[in-house]
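start_33.txt follows (compact mmCIF, C-alpha atoms):
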# COMPACT_ATOMS: atom_id res chain seq x y z
CA MET R 1 0.00 0.00 0.00
CA ALA R 2 1.43 3.36 -1.02
CA GLU R 3 1.60 6.04 1.64
CA ALA R 4 -0.79 8.93 1.19
CA ILE R 5 1.02 12.24 0.83
CA PHE R 6 -0.98 15.35 1.61
CA THR R 7 -0.84 18.51 3.65
CA ASN R 8 -3.37 19.90 6.05
CA ASP R 9 -3.38 22.62 8.65
CA ALA R 10 -5.22 23.42 11.86
CA ARG R 11 -5.58 26.44 14.12
CA VAL R 12 -3.89 26.43 17.52
CA MET R 13 -6.37 27.50 20.19
CA SER R 14 -5.61 29.62 23.28
CA LYS R 15 -4.70 26.61 25.44
CA GLY R 16 -2.42 25.13 22.76
CA GLN R 17 -5.05 22.66 21.59
CA VAL R 18 -5.28 21.57 17.97
CA THR R 19 -7.97 19.46 16.33
CA ILE R 20 -6.32 16.81 14.20
CA PRO R 21 -8.11 16.87 10.83
CA LYS R 22 -10.23 13.81 10.00
CA ASN R 23 -8.11 12.72 7.02
CA VAL R 24 -4.95 12.91 9.15
CA ARG R 25 -6.57 10.84 11.93
CA ALA R 26 -7.63 8.28 9.34
CA ALA R 27 -4.13 8.11 7.84
CA LEU R 28 -2.61 7.55 11.30
CA GLY R 29 -5.28 5.12 12.49
CA ILE R 30 -6.20 7.43 15.35
CA GLU R 31 -9.63 7.14 16.97
CA THR R 32 -11.35 8.93 19.84
CA GLY R 33 -9.43 8.32 23.07
CA ASP R 34 -6.20 7.27 21.36
CA ARG R 35 -2.92 8.96 22.25
CA VAL R 36 -0.48 10.62 19.88
CA THR R 37 3.25 11.16 20.20
CA PHE R 38 4.99 14.33 19.03
CA ILE R 39 8.51 13.79 17.69
CA VAL R 40 10.42 17.06 17.45
CA ASP R 41 13.39 17.16 15.06
CA GLY R 42 14.77 20.67 14.81
CA ALA R 43 12.04 22.86 13.31
CA SER R 44 9.94 19.87 12.22
CA VAL R 45 7.41 17.90 14.24
CA ARG R 46 5.93 14.50 13.40
CA VAL R 47 2.68 13.35 14.97
CA VAL R 48 2.36 9.57 15.24
CA ASN R 49 -0.08 7.12 16.77
CA SER R 50 1.44 6.41 20.21
CA ALA R 51 0.60 2.70 20.14
CA VAL R 52 2.26 2.27 16.76
CA TYR R 53 5.27 4.32 17.87
CA ALA R 54 5.66 2.28 21.07
CA MET R 55 5.62 -0.97 19.09
CA MET R 56 8.20 0.39 16.63
CA ARG R 57 10.50 1.42 19.51
CA PHE R 58 10.06 -1.97 21.18
CA GLN R 59 10.92 -3.76 17.94
CA GLU R 60 14.04 -1.59 17.54
CA GLN R 61 15.15 -2.38 21.10
CA MET R 62 14.54 -6.12 20.66
CA LYS R 63 16.22 -6.38 17.26
CA GLY R 64 18.68 -9.28 17.30
CA LYS R 65 17.67 -10.52 20.76
CA ALA R 66 15.77 -13.57 19.45
CA LYS R 67 18.84 -14.74 17.57
CA GLN R 68 20.94 -14.33 20.70
CA ILE R 69 18.73 -16.74 22.63
CA GLY R 70 18.36 -19.24 19.80
CA MET R 71 15.01 -18.28 18.30
CA LEU R 72 15.90 -18.47 14.65
CA THR R 73 12.58 -19.24 12.97
CA GLU R 74 8.93 -18.29 13.31
CA GLU R 75 8.36 -21.86 14.49
CA ASP R 76 10.77 -21.25 17.38
CA VAL R 77 8.79 -18.17 18.38
CA ALA R 78 5.45 -20.01 18.05
CA GLN R 79 6.75 -22.83 20.26
CA TRP R 80 7.93 -20.33 22.86
CA ILE R 81 4.50 -18.64 22.87
CA THR R 82 2.72 -21.99 23.20
CA GLN R 83 4.99 -23.04 26.07
CA SER R 84 4.53 -19.68 27.83
CA ARG R 85 0.75 -19.95 27.58
CA ARG R 86 0.82 -23.49 28.96
CA GLU R 87 2.90 -22.32 31.91
CA GLU R 88 0.54 -19.38 32.51
CA ASN R 89 -2.52 -21.62 32.43
CA ALA R 90 -0.89 -24.11 34.82
CA GLU R 91 -0.50 -21.43 37.50
Could you write out this file's structure as structure tokens?
Amino acid sequence: MAEAIFTNDARVMSKGQVTIPKNVRAALGIETGDRVTFIVDGASVRVVNSAVYAMMRFQEQMKGKAKQIGMLTEEDVAQWITQSRREENAE
């Protein structure tokens, strides 16, 4: 799926509040009650879905860890998940 490229603007209200335009919320997968993260890079700011951003950061931090502990295939991961669930249910 190609990324949508568009621009949009919004007015900053007296308390610093901004309404995120509907098409921007849709592009980011943001719904009522969701959180957003602001990433400031010099004079630019990116607004991202906080849940998506947290998962991306987690994946970055965990990169290479599975290989270090011997999980080399998706089957290894699936077996680990199955075993973990069995242990949880046994408690």
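A straight line drawn from atom CA of R:Ile30 to atom CA of R:Asn49 is 6.3 Å long.
For the pair atom CA of R:Phe38 and atom CA of R:Arg25, the interatomic distance is 14.0 Å.
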Calculate how many Å separate atom CA of R:Thr82 from atom CA of R:Gln59, rounding to one decimal. 20.7 Å
Using all atoms listed in the file, can you tell me which of R:Ala90, R:Leu28, R:Val77, R:Ala4 comes closest to R:Tyr53?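 Closest to R:Tyr53, using all atoms listed in the file: R:Leu28.
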Enclose stretch 63-72 of chain R, meaning all of its atoms listed in the file, in a box aligned along x, y and z, pad it by 4 Å on each side, and list the centre and edge lengths in Å to one decimal, as lines of an AutoDock Vina configuration file.
center_x = 18.0
center_y = -12.8
center_z = 18.6
size_x = 13.9
size_y = 20.9
size_z = 16.0
Residues near R:Val48, anyone? I mean within 6 Å using all atoms listed in the file, not counting same-chain ones fewer than 2 positions away, as a PyMOL selection string. chain R and resi 36-37+50
Min atom-atom distance to R:Trp80 from the set R:Ala27, R:Ala66, R:Ala54, R:Ile20, counting all atoms listed in the file, belongs to R:Ala66
Generate all heavy atoms for stretch 31-42 of chain R and emit them as a compact mmCIF listing (two decimals), keeping the file's coordinate frame.
# COMPACT_ATOMS: atom_id res chain seq x y z
N GLU R 31 -8.21 7.06 16.66
CA GLU R 31 -9.63 7.14 16.97
C GLU R 31 -9.80 7.89 18.28
O GLU R 31 -8.84 8.12 19.01
CB GLU R 31 -10.23 5.74 17.07
CG GLU R 31 -10.14 4.96 15.76
CD GLU R 31 -10.71 3.56 15.88
OE1 GLU R 31 -11.20 3.19 16.97
OE2 GLU R 31 -10.63 2.83 14.88
N THR R 32 -11.03 8.23 18.60
CA THR R 32 -11.35 8.93 19.84
C THR R 32 -10.75 8.18 21.03
O THR R 32 -10.89 6.96 21.14
CB THR R 32 -12.88 9.04 20.02
OG1 THR R 32 -13.41 9.76 18.90
CG2 THR R 32 -13.23 9.76 21.30
N GLY R 33 -10.04 8.90 21.87
CA GLY R 33 -9.43 8.32 23.07
C GLY R 33 -8.01 7.82 22.87
O GLY R 33 -7.32 7.54 23.84
N ASP R 34 -7.57 7.69 21.62
CA ASP R 34 -6.20 7.27 21.36
C ASP R 34 -5.22 8.37 21.75
O ASP R 34 -5.59 9.53 21.89
CB ASP R 34 -5.99 6.95 19.87
CG ASP R 34 -6.65 5.64 19.45
OD1 ASP R 34 -7.12 4.89 20.32
OD2 ASP R 34 -6.70 5.38 18.23
N ARG R 35 -3.97 7.99 21.93
CA ARG R 35 -2.92 8.96 22.25
C ARG R 35 -2.04 9.16 21.03
O ARG R 35 -1.92 8.27 20.19
CB ARG R 35 -2.09 8.46 23.44
CG ARG R 35 -2.92 8.31 24.71
CD ARG R 35 -2.08 7.94 25.90
NE ARG R 35 -1.09 8.93 26.23
CZ ARG R 35 -1.30 10.02 26.99
NH1 ARG R 35 -2.50 10.24 27.48
NH2 ARG R 35 -0.34 10.86 27.27
N VAL R 36 -1.43 10.33 20.95
CA VAL R 36 -0.48 10.62 19.88
C VAL R 36 0.85 11.01 20.51
O VAL R 36 0.90 11.47 21.64
CB VAL R 36 -0.97 11.74 18.93
CG1 VAL R 36 -2.21 11.30 18.17
CG2 VAL R 36 -1.21 13.04 19.65
N THR R 37 1.91 10.80 19.77
CA THR R 37 3.25 11.16 20.20
C THR R 37 3.77 12.23 19.26
O THR R 37 3.61 12.12 18.04
CB THR R 37 4.18 9.93 20.17
OG1 THR R 37 3.68 8.97 21.11
CG2 THR R 37 5.61 10.30 20.54
N PHE R 38 4.39 13.27 19.82
CA PHE R 38 4.99 14.33 19.03
C PHE R 38 6.50 14.09 19.01
O PHE R 38 7.12 14.01 20.07
CB PHE R 38 4.70 15.70 19.64
CG PHE R 38 3.23 16.02 19.67
CD1 PHE R 38 2.46 15.72 20.78
CD2 PHE R 38 2.61 16.62 18.57
CE1 PHE R 38 1.11 16.00 20.81
CE2 PHE R 38 1.26 16.91 18.59
CZ PHE R 38 0.50 16.60 19.72
N ILE R 39 7.07 13.99 17.83
CA ILE R 39 8.51 13.79 17.69
C ILE R 39 9.07 15.06 17.08
O ILE R 39 8.77 15.41 15.94
CB ILE R 39 8.81 12.57 16.78
CG1 ILE R 39 8.15 11.32 17.37
CG2 ILE R 39 10.31 12.39 16.62
CD1 ILE R 39 8.14 10.14 16.43
N VAL R 40 9.86 15.78 17.87
CA VAL R 40 10.42 17.06 17.45
C VAL R 40 11.83 16.84 16.93
O VAL R 40 12.67 16.26 17.62
CB VAL R 40 10.43 18.08 18.61
CG1 VAL R 40 11.01 19.41 18.16
CG2 VAL R 40 9.03 18.24 19.19
N ASP R 41 12.08 17.28 15.70
CA ASP R 41 13.39 17.16 15.06
C ASP R 41 13.74 18.52 14.47
O ASP R 41 13.32 18.84 13.36
CB ASP R 41 13.33 16.08 13.97
CG ASP R 41 14.69 15.84 13.32
OD1 ASP R 41 15.70 16.39 13.79
OD2 ASP R 41 14.73 15.10 12.32
N GLY R 42 14.46 19.31 15.26
CA GLY R 42 14.77 20.67 14.81
C GLY R 42 13.50 21.49 14.71
O GLY R 42 12.74 21.61 15.66
